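S.K.: Would you mind keeping the following structure in view while I ask a few things?
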Amino acid sequence: MTTDQILLLGSIAVPAFVSIILFSGLGRSESFVKNLALVGFGFPFIAGIVLFLNFDGSKGGYCFEIFHPRMGLQELKITFHLGLNGVSSPLFAMAGVVGLAAGLTAIHSGADRLRLFLALLLTMQAGLMGLFASVDLFFYYLFHEFALIPTFIMIGLWGGRDRRSIALEITIYLTLGALISLGGLVALNVMVDAEKFDFPSLSSALSQFALAESTQFKIFGLLLFGFGILVALFPFHTWAAKGYECAPTSVSMLHAGVLKKFGLYGLIQIAAPLLPEGALAWSPYLLWLALGNIIFVGAVAIAQKNLKSMVGYGSVMHMGYCFLGIAVCSSLGAGSGVMLMVAHGLSVSLMFLLSTYVYKRSGTFEMDEMGGLGTKTPILACFFVAASLATIGLPGFGNFWGEFGVFLSLGQNPDHHFFLYLAALGIIISAIFGLRAVARIFYGGSSDELLEHEKKNPITDLSFSEILPAGVILSALLFLGLWPRGISDRIDQEINSRYSQLSSEQSMSLPPCCLLDKGDLENNQSLSIPLEKIPSSKPSAEK
Amino acid sequence: METETVVFSLLLLPFLSALVTLLCFRKLGNIASLLSVATSGGILVFSLFLIFNGENEVFSWQTTWLRMSNWELGFGFLIDAPARLLLFVVSFVGFLIHIFSLGYMADDGAKARYFGGLSVFMFSMIGITIADNLIMIFVFWELVGFSSYLLIAHYFTTEEAAQASKKAFIVNRVGDFGFLIGIVLTYWTAGTVNLVELADLVDFDPTIVSTVLGLALACGFIGKSAQFPLHIWLPDAMAGPTPVSALIHAATMVAAGIYLLVRIDFMFTEQVLAFFGILGAGMGLYAGFCALVQRDIKKILAYSTLSQLGYMTAAFGLGMPGIALFHLMTHAFFKALMFLGSGSVIHACHHEQDIFKYGGLRKKMPVTALTFLVGVLAISGVNFLSGYFSKDAILLTAYNTNMPIFLILYVGAILTALYMFRLYFITFEGESRSESASSAHENGALMTGPLILLAILSIFGGYHSLFPLAIVEPLLPDIELVAAMPNHMWMIVLGTFAWVVGGITARNLYGRVGEADPLEQKTPVFFALCQSKLFFDQIYGFYVQRIQDPCARFFEVMELLFISGLMVRGSAGVAGLLALIGKAFYVGKIHSYSFWFVAGTIGFLAYAAGVFGN
Amino acid sequence: MESITPQHFLFLAFLLFGVGFLGVVLRRNLLLVLMSLELMLNGVNIALVSFSRTSLNLDGSLFVFFIMTVAAAEVAVGLALLVALYKKRQSVFSEDISLLKN
Amino acid sequence: MNIVDLLFYFFATLSVGGGVLMVASRHPVSAAMFMIISLVSVAALFVLLEAFFLAILQVLVYGGAVMVLFLFIIMLLDVGPEGGKVSRIKMLSGLAGCLSVGILIILLLQFSGIGEASLENWQPIQDSEEVVGDSLIFSTSLKNFGYGLFTKYMLPIQVAGFLLLAAMVGVIVLSKNANMEKEN
Amino acid sequence: MEAFLNFSNSNIWSEIWPEIVLAVGAILILGIDLFRKNGSSSSAGILAIILQATLLVVHLVDYLVWHHTFDRDTFSGMLQQGIQGDVMRSFFLLSSLLVSILGHQYLKGKKLRAGEFHHLTMLATAGLMLLVQSNHFLMLFVALETVAVCFYTLVAYNRNSAKSLEAGMKYLIFGALSSSMLLFGIVLLYGVAANPEVWGASYDNFAGQDPLGFQYLGNLLEANPDHLLLRAGVVLIIAGIAFKIGAAPFQIWVPDVYHGSPMPITAFLAVSSKAAGFFILVNLVNGPFLGMADFLLPLFGFVATFTIFFGNLAACAQRNLKRMLGLSGVAHAGYLLVAVMASMHFAGDSDRAIWVLFFYLFVYLFASFSVFGVMGLARLEDDTEHEFSHYEDLAKKHPWMGFVLVSGIGSLAGIPPFAGFVAKLLLITVAYQANLYFSLAAMVIGVAISIYYYFGWIREITFHPKPSFSDEDSEKTKDLWLQVTQVGVFRFCMLSLAIISIVLGLWQGPFGDAF
């Protein structure tokens, strides 16, 4: 085993092991618990970053593979198979970053029964790291469940208002989603006669015996709606805002930031490449639903007066872009979707973190009862403005590239132009609610309620332990925004090979410049063939 | 020195300055301000180096920024003639305004934030200037919007600034929405967004461009340059500090829209150009009327900016991008001058902005008054001042090519003189009409120095031959075209007539005023009409309050009612109802249970007998 | 036995079975319910014996023997239960024996 | 119609009639009496079918043991006729019961008409035949009966023994005095 | 005489040695109990536990080490023995061992006599073991009735409680009703099988065949899948078995009987009785009834769907936990019916689905006994009235009980780390392979609904009932729970059940690749 493989395995095993220690009740002192938990969150972070940097996508496929054929159900061809590829390694690193931030927040949250809280959160972290590291589809699902179940418990135990009923509702809703997607995965397992139940085997099996289009349509539909419920696809999104509003901050961060990417990851990495015809057949419907996310949920977000539910709806809204990226069925769309997933994971967890900071100072999430916090907490205001602008897709933050790429991919096919126009409206909608929140919370004068609250609880600016998690996430976002190539190259390499089937059908609509050599343009006198006559099948990838 | 090193330094200097300010000097306003001013000085030096070093050649440099599937985005620079001009304007005016800010913001509590914001602005503005592709322009375009947002919200504790900053950003986003779509469409029709390649491609195959594409791209310009119908944010943006208004909302950022048009002028069809002509002329006239009745000194200047931007647009629409740039340059000088002058006045009068509360300031602030007068004369088109050359070039072009546009522009010119002289007379002449005005006195050299420099430029800025060729190179072809046009004499007469009429009318009307506006007393209906600004603010207010927010609430209700209610709760309710029915079967009596067995047996046997059609 | 066919016996068996079922469904007296159950078993017995006879196969008749054993055992347990219940509830009517319900 | 037919119809009517009367009678004792009539007529039908041993068993086990047990319990508990007035709900549920069981019976009777039995004459019983293989031949003699039980059905018969044991233990458990257990 | 000898020689009693040992042991326990007139009856319990544990181990060693895996007919075709029967035998032995352990604890608490209890439990288990191996309808009937008679008494075992007696009465009446239906079904099959010509069934080679044996009936049904009388017989038999497994529309007795029975017997009913029913059903539909698969599948589909929905929906509204578990058991029966359907679909390769069924049953056993075991520890006034509120904060008061209970519920609900998830996964897989999409959809919806009540219970156990910022008076409520720390064996058993649930969820071992 190389160091990298140990890191990969450790990023799952260390948090899991720490959480077992915490569950078992060893070590009484609080500082021991906190330090141990820090180790549990720190290791995946370091592993994520190191593996991200060490990742070498030039060969394509998976790196740092760990394979164990005897672990898992032989019957269903399930094997234990870990590894990272171009799509999963950025997400893996993102999970590490958000996990550390959430962990730091939890450690300093002062929740009662902190040991249990940290233990559950670490279980979740282990699941999240495992999710993105799994090559085998069953373990991918299993790790997701490992991350999902602590969420319910944590919402139920440490949640806000109505936590018990909301925990129940979310549990039922998400279990339904998880079951449907499990059904889809099982269908894939059954229908494809592959050697193993992981992506490479499935795709090589499918390349020999492709499934019929109707079968693909059904399986993709199952996966789409199953994953869709988990990702809060319109109109199955109502659990999200409610749940995030109620959940403790660290849980909201991990769930909205990382866990929710499970479904999108599944669609981009597995469903669409394996079932290209199914994806194409579903694409028109998915486009409409994604539009529902952007326009409908966006409008709902505008109407919110509660900060946390606004953030919740906002995050649901931005999921619509990722779905659009999937719906266009091109490598550009999917790749941009992945970039957006990474950036969105960071930005939305930052938003949840900051709204809790605001809550700590103002004692409320109602935006009407705040105002003028900017003078009292300039650093918080600074972070909040940055996070809001990141969320609404300001260039310089990672979200912009994802969104822009999605828009660009929508432009490729003239049939999608209608969706391009409406989806682009989202940049206005998100600006409206994002800036409105900033204005209501930080600008203007303080409301009477806030002044009243301030008398009892003096408002202080962010402390170092609060800046640290926010700073970690924000710098990651800035890195993505300023040097998008850092992740786009990896994603591109992987996605291009996965989506080769899909994009071959769309090369017709490639722009003329891609079909021309640059040299021809410069001395265009020598070019005597009219543009129309250039054969349209000439592939673009051969640059 | 390698050119690309210089370009990178030029771009990164303000960025680093902003970053350092953010991280280290948040609480040390003085250091931050000095850093920022030094930065702007550095920018000026680098810019001049670039302008004069390039031997008038086009410099371009490129690297891959992002590669995704078949989309490859370069991060590159293109420093050609228009870029040099704008680089000069931005760095020079920017530098002066930085210096002015030192005085103006001397006792502000949040100097660090202010100067940090200025640095961000310089960074993004330079980015727009030297970007070599549309997506990069878009990136910096948005960043400029962000810095504008940041600086408008400088006095964020006031409700006005909070709303204005939000409005500016959102309205700009509306424009960017179209711009974005335009870029996407451009990419998929042309296959590139690189300006040079695009130009070559259009040259090679003119069918690529279309009216729709042009209009979509123009949306960005409309938003940023505050043209109809997205002009509403600019007057509100005056809530920011005055130097910011001078720099961003008068001299540079709003002009970036025109610059964008110039950069992609090959993308516009005849129809789009005609549209620009009408749009610009209309804006010139409309903003003039609005400026005529304003009481806030900065708002008058803001509307005047709108009007002058209209002139530039019209010039571009008439097919004279060089002239538009020319006016951009002169306008940058005199409008910055006037804004800074107004800043000087405001600063002296303890942030009083109502012109009817001023009066008689000429004696108390002679330098400011004099330089301001230069600005007024320049913008009114007084002969042989800078504004005269650029504006008359526009009018002459219009006269020779498009009579209706000329007529509109000409009325606008008279109006310009009228409201500018009105501003001058009410502010500087007559008696002091308030406590703050009477106690005003001249500001220090940090503030008057830039005024004087700008005044000199406002006087001589129109003589393009005075400038080094490297700067004015892009103007020359169009200026020569205009010079070759007929009716020069006739235009001199008409031009002189315009400013004389405006000036005399203003003298008569406003020479001696009280607290009330004499125009309101004489023609109340006309005044009210002008004051209403054709109800645009009301329309937007109506849209927000009566359409957008109710819509959002409606969607929220729909969500609660149908999705969360009917779909989720409803299915839960149905399940609950069924559960209760299921529970109701359990009455505990044996004979009622035995009915299930009867029913089951009947059902099974019936199935066996084929009753259900098997 | 000339005109009597196995159908006749089957018919009779069904009738007895049905009548027994009717008793189970209708009667509230648990004693009578138990009796009705016996009646149902009797119906089964008739059918069995007639089948056994028509096919000259002894298995059916042997089966009857077992059914009788089972019936007796069931009745014994049932009546013991009934007596115990009666001691608790002073009733053998099914509407009185309905503690277990929602 | 010969005498056998007549006997069949007679006993068939008697057994079904007894059953119906049993179900309909209000007093448990009279119900038990009707039940005995029904059971004995079933025994008679067994005789018609030449299953003499089973007929005797029927009378002994059912008529003798089971029904006596029933009567004992009826006496012991001193159960009276089913109570009081017939309420509307009871009427309705009774009606529904009759109706549904009626449907059930009709449905069942449908099945009995199946196949158009081709049996013209009942085959005579060959008592003397030796038992061969797994199939046991119908016989009136006890010998064959015992033979079947103790060869082929050896295991079931043992299990049936345990069944009776279980029933016995069950009855003991259920009828032991509760208080005595408490003392233990 | 020669024939007699032939028959006798085929009766190799050693083939059913576990059953014999159990039956003899049962009599032994009864005898010991008789002689110990008033002593504490715990010795009977301990004896039963030791006996069954030893038997279980020996039996496992017997068939796992000595590999009696071939299928064989014994007792002149009464039984068919083989690997599946052996697995089910160990299933019943394990289950009855656990019932004895639970019962031991229970009887001590209730001060009830132990001898008869263990006697009947062991007899019932012996009966169940014969039941699943029977290859002949007469054997099936007799074994079934033996089990039933034992159960009638066991359900009413707590004769001090009117509820227990009432449950016994209800179980008896409906049991008798359903067994007469089953019987009638058997008789109809027999009637046609013994003389096919009379009933217009086409089968000529019937001489010398056993008309109640499975093989012959299988051939007959395959030849006459449209014969109405045969169909009536088949559906009546299925109706009788549907009662046993608690499938709709014969599910109505389930909650009442579960409600009134003593806790160990509830578990026994839920696990063993149901498992036996399912195994018979699988045996029948893959043996004699296979020829009618096309006829039966729609019926099963309807029954499974109805069962799933009825069980889950009715369970949602329950406040009484025993009733709720009963109804959830109904829902589980529905899921298992899907596996039964899948096994019919595979015609010829039905083993896959059957092994899935086995795995599910084992998982269900572990989970149910965890749940009922912990529930049996509650010291309630009336031990049938378990409500959600009794379980408030159990995990905090008694972590190990909370752990066992949550693992049991989690496994029943099919939450991933627990074995129930893998069982459901396998079930979904075989259902998908058999193209049972409609039932699959019903199953998925049903599982989602079931989360409501399972999670509601887990919520009570783990989530602090009051908001975390105002937790006073949690000590005020009396602790309902026995301190069973001193009962090491019991605690050990419970914990190992929970751990097995988790281990099976992560590593399926022989089940993973046995089939």
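Ligands are numbered from 1 in the order shown, chains are lettered A, B, ... in the order of the structure tokens, and residues start at 1 in each chain.
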Apply DSSP to the structure's backbone, then extract all residues of region 64-209 of chain E labelled alpha helix (DSSP H) and return them as number ranges by chain.
M.R.: E: 64-65, 83-110, 115-133, 137-155, 162-194
S.K.: Got a sec: who's within 8 Å of region 562-574 of chain B, counting only C-alpha atoms, leaving out chain neighbours fewer than 5 positions off, as a ChimeraX atom specification?
M.R.: /A:235-236,238
S.K.: Could you save those same residues with C-alpha atoms as an mmCIF file, in the first residue's frame?
M.R.:
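For reference, selection.cif as written:
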data_model
loop_
_atom_site.group_PDB
_atom_site.id
_atom_site.type_symbol
_atom_site.label_atom_id
_atom_site.label_comp_id
_atom_site.auth_asym_id
_atom_site.auth_seq_id
_atom_site.Cartn_x
_atom_site.Cartn_y
_atom_site.Cartn_z
ATOM 1 C CA PRO A 235 -41.054 19.575 -6.874
ATOM 2 C CA PHE A 236 -39.507 17.252 -4.299
ATOM 3 C CA THR A 238 -39.826 20.952 0.321
#
S.K.: Within 7 Å of region 474-483 of chain A, counting only C-alpha atoms, which residues qualify if same-chain residues fewer than 6 places away don't, as a PyMOL selection string?
M.R.: chain A and resi 343+346+395-398
S.K.: Need to verify the contact set: Val24 (chain C), 7 Å, only C-alpha atoms, exclusion of same-chain residues closer than 6 positions in sequence. Can you return it as a PDB file with N, CA and C atoms, in the first residue's frame?
M.R.:
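Just written: out_13.pdb:
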ATOM      1  N   VAL C  33     -69.998 -21.207  18.268  1.00  0.00           N
ATOM      2  CA  VAL C  33     -68.974 -21.026  17.232  1.00  0.00           C
ATOM      3  C   VAL C  33     -68.104 -22.281  17.150  1.00  0.00           C
ATOM      4  N   SER C  36     -69.954 -24.928  15.434  1.00  0.00           N
ATOM      5  CA  SER C  36     -70.010 -24.704  13.987  1.00  0.00           C
ATOM      6  C   SER C  36     -68.716 -25.130  13.321  1.00  0.00           C
ATOM      7  N   LEU C  37     -67.622 -24.896  14.026  1.00  0.00           N
ATOM      8  CA  LEU C  37     -66.348 -25.346  13.471  1.00  0.00           C
ATOM      9  C   LEU C  37     -66.352 -26.856  13.278  1.00  0.00           C
TER      10      LEU C  37
END
S.K.: Excluding Leu494 (chain B) and any residue of its chain fewer than 5 positions from it, enumerate the residues within 10 Å of it, using only C-alpha atoms, and give them as a short mmCIF file (atom, residue, chain, number, x, y, z; two decimals) with N, CA, C and O atoms, in the first residue's frame.
M.R.:
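Output (around.cif):
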data_model
loop_
_atom_site.label_atom_id
_atom_site.label_comp_id
_atom_site.auth_asym_id
_atom_site.auth_seq_id
_atom_site.Cartn_x
_atom_site.Cartn_y
_atom_site.Cartn_z
N ASP B 392 -19.28 69.02 -30.57
CA ASP B 392 -19.62 69.55 -31.90
C ASP B 392 -19.33 68.53 -32.98
O ASP B 392 -20.02 68.47 -34.00
N LEU B 395 -22.40 66.50 -32.99
CA LEU B 395 -23.51 67.23 -33.58
C LEU B 395 -23.34 67.37 -35.09
O LEU B 395 -24.28 67.19 -35.87
N TYR B 410 -29.42 68.53 -30.42
CA TYR B 410 -29.22 69.97 -30.32
C TYR B 410 -30.04 70.55 -29.18
O TYR B 410 -29.55 71.34 -28.38
N HIS B 488 -19.09 73.14 -41.42
CA HIS B 488 -18.39 73.43 -40.19
C HIS B 488 -18.79 74.77 -39.62
O HIS B 488 -19.07 74.89 -38.42
N MET B 489 -18.88 75.75 -40.48
CA MET B 489 -19.17 77.10 -40.01
C MET B 489 -20.56 77.16 -39.40
O MET B 489 -20.79 77.72 -38.33
N TRP B 499 -25.07 77.35 -26.44
CA TRP B 499 -24.62 77.62 -25.08
C TRP B 499 -24.94 79.01 -24.62
O TRP B 499 -25.20 79.26 -23.45
N VAL B 500 -24.98 79.96 -25.59
CA VAL B 500 -25.32 81.33 -25.21
C VAL B 500 -26.77 81.39 -24.73
O VAL B 500 -27.08 81.94 -23.67
#
S.K.: Counting only C-alpha atoms, give me one row per residue of chain C with an atom at most 7 Å from an atom of chain E, showing the shortest contact pair and its distance in Å to one decimal, sorted by chain then residue number, as JSON lines.
M.R.:
{"residue": "C:Leu37", "atom": "CA", "partner": "E:Leu177", "partner_atom": "CA", "distance": 6.6}
{"residue": "C:Met40", "atom": "CA", "partner": "E:Ser180", "partner_atom": "CA", "distance": 6.9}
{"residue": "C:Leu41", "atom": "CA", "partner": "E:Ser180", "partner_atom": "CA", "distance": 6.2}
{"residue": "C:Val44", "atom": "CA", "partner": "E:Phe184", "partner_atom": "CA", "distance": 5.8}
{"residue": "C:Leu48", "atom": "CA", "partner": "E:Val187", "partner_atom": "CA", "distance": 5.9}
{"residue": "C:Phe51", "atom": "CA", "partner": "E:Gly191", "partner_atom": "CA", "distance": 5.0}
{"residue": "C:Ser55", "atom": "CA", "partner": "E:Asn195", "partner_atom": "CA", "distance": 5.1}
{"residue": "C:Asn57", "atom": "CA", "partner": "E:Ala194", "partner_atom": "CA", "distance": 6.9}
{"residue": "C:Phe63", "atom": "CA", "partner": "E:Leu138", "partner_atom": "CA", "distance": 6.7}
{"residue": "C:Val70", "atom": "CA", "partner": "E:Glu145", "partner_atom": "CA", "distance": 6.9}
{"residue": "C:Glu74", "atom": "CA", "partner": "E:Val149", "partner_atom": "CA", "distance": 6.7}
{"residue": "C:Gly78", "atom": "CA", "partner": "E:Leu172", "partner_atom": "CA", "distance": 6.8}
{"residue": "C:Leu81", "atom": "CA", "partner": "E:Met169", "partner_atom": "CA", "distance": 6.4}
{"residue": "C:Leu85", "atom": "CA", "partner": "E:Leu165", "partner_atom": "CA", "distance": 6.1}
{"residue": "C:Lys88", "atom": "CA", "partner": "E:Ala162", "partner_atom": "CA", "distance": 6.1}
{"residue": "C:Ile97", "atom": "CA", "partner": "E:Glu166", "partner_atom": "CA", "distance": 6.6}
{"residue": "C:Leu99", "atom": "CA", "partner": "E:Lys163", "partner_atom": "CA", "distance": 6.4}
{"residue": "C:Leu100", "atom": "CA", "partner": "E:Asp256", "partner_atom": "CA", "distance": 5.5}
{"residue": "C:Lys101", "atom": "CA", "partner": "E:Asp256", "partner_atom": "CA", "distance": 6.5}
S.K.: As a PyMOL selection string, could you give me every residue of chain A near chain E (at most 6 Å apart, counting only C-alpha atoms)?
M.R.: chain A and resi 73-75+157+172+176+186
